[in-house]
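entry10.cif (mmCIF, N, CA and C atoms)
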data_coords
loop_
_atom_site.label_atom_id
_atom_site.label_comp_id
_atom_site.auth_asym_id
_atom_site.auth_seq_id
_atom_site.Cartn_x
_atom_site.Cartn_y
_atom_site.Cartn_z
N MET R 1 83.85 32.74 -5.30
CA MET R 1 82.72 33.27 -5.97
C MET R 1 81.94 32.14 -6.67
N THR R 2 82.59 31.19 -7.23
CA THR R 2 81.92 30.08 -7.88
C THR R 2 81.17 29.26 -6.83
N ARG R 3 81.79 29.19 -5.71
CA ARG R 3 81.16 28.43 -4.64
C ARG R 3 79.90 29.12 -4.17
N SER R 4 79.95 30.40 -3.95
CA SER R 4 78.78 31.13 -3.51
C SER R 4 77.72 31.15 -4.61
N TYR R 5 78.17 31.16 -5.89
CA TYR R 5 77.22 31.10 -6.98
C TYR R 5 76.52 29.73 -6.97
N GLN R 6 77.30 28.69 -6.75
CA GLN R 6 76.74 27.34 -6.70
C GLN R 6 75.79 27.22 -5.52
N THR R 7 76.12 27.76 -4.38
CA THR R 7 75.26 27.74 -3.19
C THR R 7 73.97 28.51 -3.46
N ALA R 8 74.10 29.68 -4.07
CA ALA R 8 72.93 30.48 -4.40
C ALA R 8 72.06 29.75 -5.42
N GLN R 9 72.70 29.10 -6.38
CA GLN R 9 71.96 28.33 -7.40
C GLN R 9 71.22 27.18 -6.74
N ASP R 10 71.86 26.46 -5.83
CA ASP R 10 71.20 25.35 -5.11
C ASP R 10 70.03 25.87 -4.26
N PHE R 11 70.27 26.98 -3.58
CA PHE R 11 69.23 27.59 -2.76
C PHE R 11 68.04 28.01 -3.64
N TYR R 12 68.34 28.58 -4.80
CA TYR R 12 67.30 29.01 -5.73
C TYR R 12 66.52 27.80 -6.25
N ASN R 13 67.20 26.74 -6.64
CA ASN R 13 66.54 25.52 -7.12
C ASN R 13 65.69 24.88 -6.02
N ASP R 14 66.19 24.92 -4.79
CA ASP R 14 65.44 24.39 -3.66
C ASP R 14 64.16 25.19 -3.44
N LEU R 15 64.29 26.52 -3.50
CA LEU R 15 63.11 27.37 -3.36
C LEU R 15 62.14 27.15 -4.52
N LEU R 16 62.64 26.95 -5.69
CA LEU R 16 61.79 26.71 -6.86
C LEU R 16 61.03 25.40 -6.71
N LYS R 17 61.70 24.37 -6.20
CA LYS R 17 61.03 23.08 -5.96
C LYS R 17 59.95 23.22 -4.89
N LYS R 18 60.28 23.96 -3.84
CA LYS R 18 59.29 24.18 -2.78
C LYS R 18 58.07 24.93 -3.31
N ARG R 19 58.36 25.91 -4.21
CA ARG R 19 57.26 26.68 -4.78
C ARG R 19 56.37 25.78 -5.66
N GLN R 20 56.97 24.90 -6.43
CA GLN R 20 56.21 23.99 -7.27
C GLN R 20 55.38 23.01 -6.41
N ASN R 21 56.03 22.52 -5.35
CA ASN R 21 55.32 21.61 -4.44
C ASN R 21 54.15 22.33 -3.76
N ALA R 22 54.37 23.57 -3.38
CA ALA R 22 53.30 24.35 -2.75
C ALA R 22 52.17 24.59 -3.73
N GLY R 23 52.51 24.85 -4.99
CA GLY R 23 51.48 25.04 -6.02
C GLY R 23 50.66 23.79 -6.23
N VAL R 24 51.35 22.63 -6.27
CA VAL R 24 50.65 21.35 -6.43
C VAL R 24 49.78 21.09 -5.22
N ALA R 25 50.30 21.38 -4.02
CA ALA R 25 49.52 21.17 -2.80
C ALA R 25 48.32 22.12 -2.78
N GLY R 26 48.51 23.35 -3.23
CA GLY R 26 47.40 24.30 -3.28
C GLY R 26 46.32 23.86 -4.25
N ASP R 27 46.73 23.35 -5.43
CA ASP R 27 45.76 22.83 -6.39
C ASP R 27 45.00 21.63 -5.81
N LEU R 28 45.73 20.75 -5.15
CA LEU R 28 45.10 19.58 -4.54
C LEU R 28 44.11 20.00 -3.46
N GLU R 29 44.50 20.98 -2.65
CA GLU R 29 43.62 21.45 -1.58
C GLU R 29 42.36 22.11 -2.16
N SER R 30 42.52 22.87 -3.23
CA SER R 30 41.34 23.51 -3.84
C SER R 30 40.43 22.46 -4.46
N GLN R 31 40.98 21.37 -5.01
CA GLN R 31 40.15 20.28 -5.55
C GLN R 31 39.40 19.58 -4.42
N GLN R 32 40.09 19.37 -3.30
CA GLN R 32 39.44 18.71 -2.17
C GLN R 32 38.36 19.59 -1.56
N GLN R 33 38.54 20.89 -1.55
CA GLN R 33 37.52 21.78 -1.02
C GLN R 33 36.26 21.74 -1.88
N SER R 34 36.44 21.61 -3.18
CA SER R 34 35.27 21.53 -4.04
C SER R 34 34.56 20.19 -3.87
N GLU R 35 35.27 19.18 -3.43
CA GLU R 35 34.66 17.88 -3.21
C GLU R 35 33.96 17.81 -1.87
N GLN R 36 34.39 18.57 -0.91
CA GLN R 36 33.81 18.53 0.42
C GLN R 36 32.62 19.47 0.48
N PHE R 37 31.66 19.10 1.31
CA PHE R 37 30.52 19.97 1.52
C PHE R 37 30.12 19.91 2.98
N ARG R 38 29.38 20.88 3.40
CA ARG R 38 28.94 20.94 4.79
C ARG R 38 27.42 20.89 4.81
N VAL R 39 26.89 20.18 5.79
CA VAL R 39 25.44 20.08 5.95
C VAL R 39 25.02 21.18 6.92
N TYR R 40 24.28 22.14 6.41
CA TYR R 40 23.83 23.24 7.26
C TYR R 40 22.54 22.89 7.99
N ASP R 41 21.64 22.12 7.32
CA ASP R 41 20.38 21.73 7.92
C ASP R 41 20.32 20.20 7.91
N PRO R 42 20.51 19.54 9.05
CA PRO R 42 20.50 18.08 9.05
C PRO R 42 19.11 17.55 8.71
N PRO R 43 19.03 16.37 8.10
CA PRO R 43 17.73 15.81 7.73
C PRO R 43 16.93 15.42 8.96
N SER R 44 15.61 15.53 8.85
CA SER R 44 14.74 15.14 9.95
C SER R 44 14.05 13.83 9.59
N LEU R 45 13.87 12.98 10.57
CA LEU R 45 13.23 11.69 10.34
C LEU R 45 11.72 11.87 10.30
N PRO R 46 11.01 11.10 9.47
CA PRO R 46 9.55 11.24 9.41
C PRO R 46 8.90 10.68 10.67
N ASP R 47 7.70 11.18 10.96
CA ASP R 47 6.97 10.73 12.14
C ASP R 47 6.41 9.32 11.95
N ARG R 48 5.97 9.01 10.72
CA ARG R 48 5.42 7.70 10.43
C ARG R 48 5.89 7.28 9.03
N PRO R 49 5.89 6.00 8.75
CA PRO R 49 6.37 5.56 7.45
C PRO R 49 5.42 5.99 6.33
N SER R 50 5.98 6.27 5.18
CA SER R 50 5.15 6.68 4.04
C SER R 50 4.59 5.46 3.30
N PHE R 51 5.20 4.32 3.44
CA PHE R 51 4.73 3.09 2.81
C PHE R 51 5.11 1.93 3.69
N PRO R 52 4.38 0.94 3.88
CA PRO R 52 3.01 0.67 3.45
C PRO R 52 2.01 1.31 4.40
N LYS R 53 0.88 1.72 3.88
CA LYS R 53 -0.19 2.30 4.69
C LYS R 53 -1.10 1.15 5.13
N LYS R 54 -1.12 0.92 6.45
CA LYS R 54 -1.82 -0.24 6.99
C LYS R 54 -3.30 -0.22 6.67
N ALA R 55 -3.93 0.95 6.72
CA ALA R 55 -5.37 1.04 6.46
C ALA R 55 -5.69 0.61 5.04
N TYR R 56 -4.88 1.01 4.07
CA TYR R 56 -5.11 0.63 2.68
C TYR R 56 -4.92 -0.87 2.50
N PHE R 57 -3.91 -1.43 3.11
CA PHE R 57 -3.67 -2.86 2.98
C PHE R 57 -4.78 -3.66 3.65
N ALA R 58 -5.24 -3.22 4.83
CA ALA R 58 -6.31 -3.93 5.52
C ALA R 58 -7.60 -3.84 4.72
N GLY R 59 -7.93 -2.65 4.19
CA GLY R 59 -9.13 -2.50 3.38
C GLY R 59 -9.06 -3.31 2.10
N GLY R 60 -7.90 -3.31 1.46
CA GLY R 60 -7.73 -4.10 0.25
C GLY R 60 -7.86 -5.59 0.52
N GLY R 61 -7.29 -6.04 1.64
CA GLY R 61 -7.41 -7.45 2.00
C GLY R 61 -8.84 -7.84 2.31
N PHE R 62 -9.56 -6.96 3.03
CA PHE R 62 -10.96 -7.22 3.35
C PHE R 62 -11.80 -7.25 2.08
N GLY R 63 -11.62 -6.24 1.22
CA GLY R 63 -12.39 -6.18 -0.02
C GLY R 63 -12.08 -7.34 -0.95
N GLY R 64 -10.80 -7.69 -1.07
CA GLY R 64 -10.41 -8.81 -1.92
C GLY R 64 -10.96 -10.13 -1.39
N GLY R 65 -10.91 -10.32 -0.07
CA GLY R 65 -11.46 -11.54 0.52
C GLY R 65 -12.96 -11.64 0.35
N LEU R 66 -13.64 -10.50 0.52
CA LEU R 66 -15.09 -10.48 0.33
C LEU R 66 -15.45 -10.80 -1.12
N ALA R 67 -14.75 -10.18 -2.06
CA ALA R 67 -15.01 -10.43 -3.48
C ALA R 67 -14.73 -11.89 -3.84
N LEU R 68 -13.64 -12.44 -3.32
CA LEU R 68 -13.30 -13.84 -3.60
C LEU R 68 -14.35 -14.78 -3.00
N GLY R 69 -14.80 -14.48 -1.78
CA GLY R 69 -15.83 -15.31 -1.15
C GLY R 69 -17.13 -15.28 -1.92
N LEU R 70 -17.55 -14.09 -2.35
CA LEU R 70 -18.79 -13.99 -3.13
C LEU R 70 -18.65 -14.69 -4.47
N ALA R 71 -17.49 -14.61 -5.10
CA ALA R 71 -17.27 -15.29 -6.38
C ALA R 71 -17.35 -16.81 -6.19
N ILE R 72 -16.79 -17.32 -5.12
CA ILE R 72 -16.85 -18.77 -4.86
C ILE R 72 -18.29 -19.20 -4.59
N LEU R 73 -19.03 -18.41 -3.81
CA LEU R 73 -20.43 -18.73 -3.56
C LEU R 73 -21.24 -18.72 -4.85
N TYR R 74 -20.98 -17.77 -5.71
CA TYR R 74 -21.68 -17.70 -6.99
C TYR R 74 -21.39 -18.94 -7.84
N LEU R 75 -20.14 -19.34 -7.89
CA LEU R 75 -19.79 -20.54 -8.67
C LEU R 75 -20.43 -21.79 -8.08
N ILE R 76 -20.52 -21.88 -6.77
CA ILE R 76 -21.17 -23.03 -6.14
C ILE R 76 -22.66 -23.03 -6.46
N ALA R 77 -23.28 -21.83 -6.41
CA ALA R 77 -24.71 -21.75 -6.71
C ALA R 77 -24.99 -22.10 -8.16
N ILE R 78 -24.12 -21.70 -9.08
CA ILE R 78 -24.32 -22.04 -10.49
C ILE R 78 -24.17 -23.55 -10.70
N GLY R 79 -23.24 -24.16 -10.02
CA GLY R 79 -23.00 -25.59 -10.18
C GLY R 79 -24.01 -26.47 -9.46
N ASP R 80 -24.84 -25.90 -8.59
CA ASP R 80 -25.83 -26.66 -7.82
C ASP R 80 -27.02 -26.98 -8.72
N LYS R 81 -27.24 -28.25 -8.99
CA LYS R 81 -28.34 -28.68 -9.85
C LYS R 81 -29.50 -29.27 -9.05
N SER R 82 -29.50 -29.15 -7.74
CA SER R 82 -30.58 -29.72 -6.94
C SER R 82 -31.84 -28.89 -7.05
N MET R 83 -32.98 -29.55 -6.76
CA MET R 83 -34.28 -28.90 -6.83
C MET R 83 -34.82 -28.75 -5.42
N HIS R 84 -35.24 -27.54 -5.09
CA HIS R 84 -35.65 -27.26 -3.72
C HIS R 84 -37.15 -27.03 -3.57
N THR R 85 -37.80 -26.60 -4.61
CA THR R 85 -39.22 -26.30 -4.52
C THR R 85 -39.98 -27.07 -5.59
N GLU R 86 -41.30 -27.05 -5.45
CA GLU R 86 -42.18 -27.71 -6.42
C GLU R 86 -42.03 -27.06 -7.80
N ARG R 87 -41.83 -25.76 -7.81
CA ARG R 87 -41.68 -25.03 -9.07
C ARG R 87 -40.40 -25.47 -9.80
N ASP R 88 -39.30 -25.70 -9.04
CA ASP R 88 -38.06 -26.17 -9.66
C ASP R 88 -38.28 -27.51 -10.37
N VAL R 89 -39.04 -28.39 -9.73
CA VAL R 89 -39.30 -29.72 -10.32
C VAL R 89 -40.12 -29.57 -11.59
N GLU R 90 -41.17 -28.74 -11.53
CA GLU R 90 -42.02 -28.56 -12.70
C GLU R 90 -41.25 -27.94 -13.87
N LEU R 91 -40.38 -26.97 -13.59
CA LEU R 91 -39.59 -26.34 -14.65
C LEU R 91 -38.57 -27.31 -15.25
N ALA R 92 -37.98 -28.14 -14.42
CA ALA R 92 -36.95 -29.05 -14.92
C ALA R 92 -37.56 -30.21 -15.70
N LEU R 93 -38.66 -30.78 -15.20
CA LEU R 93 -39.24 -31.97 -15.83
C LEU R 93 -40.36 -31.64 -16.80
N LYS R 94 -40.96 -30.47 -16.69
CA LYS R 94 -42.10 -30.05 -17.52
C LYS R 94 -43.28 -31.00 -17.35
N LEU R 95 -43.45 -31.46 -16.12
CA LEU R 95 -44.55 -32.33 -15.73
C LEU R 95 -45.13 -31.81 -14.42
N PRO R 96 -46.42 -32.07 -14.17
CA PRO R 96 -46.99 -31.64 -12.89
C PRO R 96 -46.48 -32.54 -11.75
N VAL R 97 -46.40 -31.96 -10.58
CA VAL R 97 -45.94 -32.69 -9.39
C VAL R 97 -47.13 -33.37 -8.75
N LEU R 98 -47.02 -34.67 -8.52
CA LEU R 98 -48.11 -35.43 -7.92
C LEU R 98 -47.95 -35.54 -6.41
N ALA R 99 -46.72 -35.67 -5.92
CA ALA R 99 -46.49 -35.81 -4.48
C ALA R 99 -45.12 -35.24 -4.14
N LEU R 100 -45.01 -34.81 -2.89
CA LEU R 100 -43.74 -34.29 -2.39
C LEU R 100 -43.32 -35.06 -1.16
N VAL R 101 -42.05 -35.27 -0.99
CA VAL R 101 -41.51 -35.89 0.22
C VAL R 101 -41.27 -34.78 1.22
N PRO R 102 -41.83 -34.90 2.42
CA PRO R 102 -41.64 -33.82 3.39
C PRO R 102 -40.20 -33.74 3.87
N VAL R 103 -39.81 -32.57 4.28
CA VAL R 103 -38.45 -32.35 4.78
C VAL R 103 -38.37 -32.93 6.18
N LEU R 104 -37.31 -33.68 6.46
CA LEU R 104 -37.17 -34.35 7.75
C LEU R 104 -37.03 -33.38 8.90
N GLU R 105 -36.44 -32.26 8.67
CA GLU R 105 -36.31 -31.28 9.75
C GLU R 105 -37.68 -30.80 10.20
N ALA R 106 -38.57 -30.60 9.26
CA ALA R 106 -39.91 -30.13 9.61
C ALA R 106 -40.63 -31.19 10.44
N LEU R 107 -40.46 -32.47 10.10
CA LEU R 107 -41.08 -33.53 10.88
C LEU R 107 -40.52 -33.58 12.29
N SER R 108 -39.21 -33.46 12.42
CA SER R 108 -38.62 -33.52 13.75
C SER R 108 -39.04 -32.32 14.58
N GLN R 109 -39.18 -31.17 13.96
CA GLN R 109 -39.65 -30.00 14.70
C GLN R 109 -41.11 -30.17 15.11
N GLU R 110 -41.88 -30.80 14.23
CA GLU R 110 -43.30 -31.06 14.55
C GLU R 110 -43.39 -32.02 15.73
N ARG R 111 -42.56 -33.03 15.74
CA ARG R 111 -42.55 -34.00 16.85
C ARG R 111 -42.18 -33.32 18.17
N VAL R 112 -41.17 -32.45 18.10
CA VAL R 112 -40.77 -31.72 19.31
C VAL R 112 -41.92 -30.86 19.80
N ARG R 113 -42.65 -30.21 18.88
CA ARG R 113 -43.78 -29.36 19.25
C ARG R 113 -44.89 -30.20 19.89
N ARG R 114 -45.19 -31.37 19.30
CA ARG R 114 -46.23 -32.25 19.86
C ARG R 114 -45.84 -32.75 21.24
N ARG R 115 -44.57 -33.11 21.43
CA ARG R 115 -44.12 -33.58 22.75
C ARG R 115 -44.29 -32.49 23.80
N ARG R 116 -43.97 -31.27 23.45
CA ARG R 116 -44.12 -30.16 24.39
C ARG R 116 -45.60 -29.97 24.75
N ILE R 117 -46.44 -30.06 23.73
CA ILE R 117 -47.88 -29.92 23.99
C ILE R 117 -48.37 -31.05 24.88
N ASN R 118 -47.94 -32.28 24.57
CA ASN R 118 -48.37 -33.43 25.38
C ASN R 118 -47.87 -33.32 26.81
N ARG R 119 -46.65 -32.85 27.01
CA ARG R 119 -46.13 -32.67 28.37
C ARG R 119 -46.93 -31.62 29.13
N ALA R 120 -47.26 -30.58 28.42
CA ALA R 120 -48.07 -29.53 29.07
C ALA R 120 -49.46 -30.05 29.42
N LEU R 121 -50.04 -30.85 28.52
CA LEU R 121 -51.36 -31.43 28.79
C LEU R 121 -51.28 -32.47 29.88
N ASP R 122 -50.20 -33.26 29.93
CA ASP R 122 -50.02 -34.25 31.02
C ASP R 122 -49.97 -33.55 32.37
N ALA R 123 -49.30 -32.41 32.37
CA ALA R 123 -49.21 -31.66 33.62
C ALA R 123 -50.60 -31.20 34.06
N ILE R 124 -51.46 -30.90 33.09
CA ILE R 124 -52.81 -30.46 33.39
C ILE R 124 -53.70 -31.68 33.69
N GLY R 125 -53.42 -32.79 33.02
CA GLY R 125 -54.18 -34.00 33.26
C GLY R 125 -54.94 -34.47 32.04
N THR R 126 -54.86 -33.82 30.95
CA THR R 126 -55.51 -34.27 29.72
C THR R 126 -54.47 -34.52 28.66
N ARG R 127 -54.85 -35.32 27.68
CA ARG R 127 -53.90 -35.66 26.63
C ARG R 127 -54.59 -35.66 25.29
N VAL R 128 -53.84 -35.29 24.23
CA VAL R 128 -54.40 -35.24 22.88
C VAL R 128 -54.12 -36.53 22.16
#
With the file now loaded, output its structure as structure tokens.
Amino acid sequence: MTRSYQTAQDFYNDLLKKRQNAGVAGDLESQQQSEQFRVYDPPSLPDRPSFPKKAYFAGGGFGGGLALGLAILYLIAIGDKSMHTERDVELALKLPVLALVPVLEALSQERVRRRRINRALDAIGTRV
């Protein structure tokens, strides 16, 4: 009888340990289930990138370049102290202009025009 009692006691303790292990495993499984999730609707990829927008960057680059170019031209024009017309000379010196030096380009263009006229007249037989 002591032997069967001891066997029953061992069997009971074994079942008790199994029950405790099952409880711990059940708690662990319930914790893992709360950590796991399922994706019901998979994400969709966008058709085009949201950033950078090429049109905005191109327009900004064009506008910035244009503004920078105009600013540089303005600074060059402010720094230019040369006189181009008779009025510029009179305003700067506060004296009347007595003579002007002709622009060389105008002379060379005049020479080209005269040569053309002379060639045309040579072809006709008269010369100026």
Kindly assemble as CSV a list of the region 67-120 of chain R residues that lie within 10 Å of region 40-63 of chain R, each paired with its nearest atom pair and their distance in Å to one decimal, using only C-alpha atoms, sorted first by chain and then by ascending residue number.
residue,atom,partner,partner_atom,distance
R:Ala67,CA,R:Gly63,CA,6.1
R:Leu68,CA,R:Gly63,CA,8.5
R:Gly69,CA,R:Gly63,CA,9.8
### Message
Quick check, in Å to one decimal: how far apart do atom C of Ala77 (chain R) and CA of Ala99 (chain R) lie?
### Response
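These two atoms are separated by 25.8 Å.
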### Message
Need to verify the contact set: Leu98 (chain R), 12 Å, only C-alpha atoms, exclusion of same-chain residues closer than 3 positions in sequence. Can you return it as an NGL selection string?
### Response
:R and (86 or 89-90 or 95 or 101)
### Message
Please return, as a PyMOL selection string, all residues of chain R that DSSP assigns to helix (DSSP H, G or I) on the basis of the backbone.
### Response
chain R and resi 2-35+54-79+86-93+104-124
### Message
So the first atom is CA of Gln20 (chain R) and the second is CA of Arg3 (chain R); what is the distance between them in Å, to one decimal place?
### Response
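Interatomic distance, CA of Gln20 (chain R) to CA of Arg3 (chain R): 25.5 Å.
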### Task
Quote the spacing between atom N of Lys94 (chain R) and atom C of Ser82 (chain R) in Å to one decimal place.
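Spanning atom N of Lys94 (chain R) to atom C of Ser82 (chain R) is a straight-line distance of 13.4 Å.
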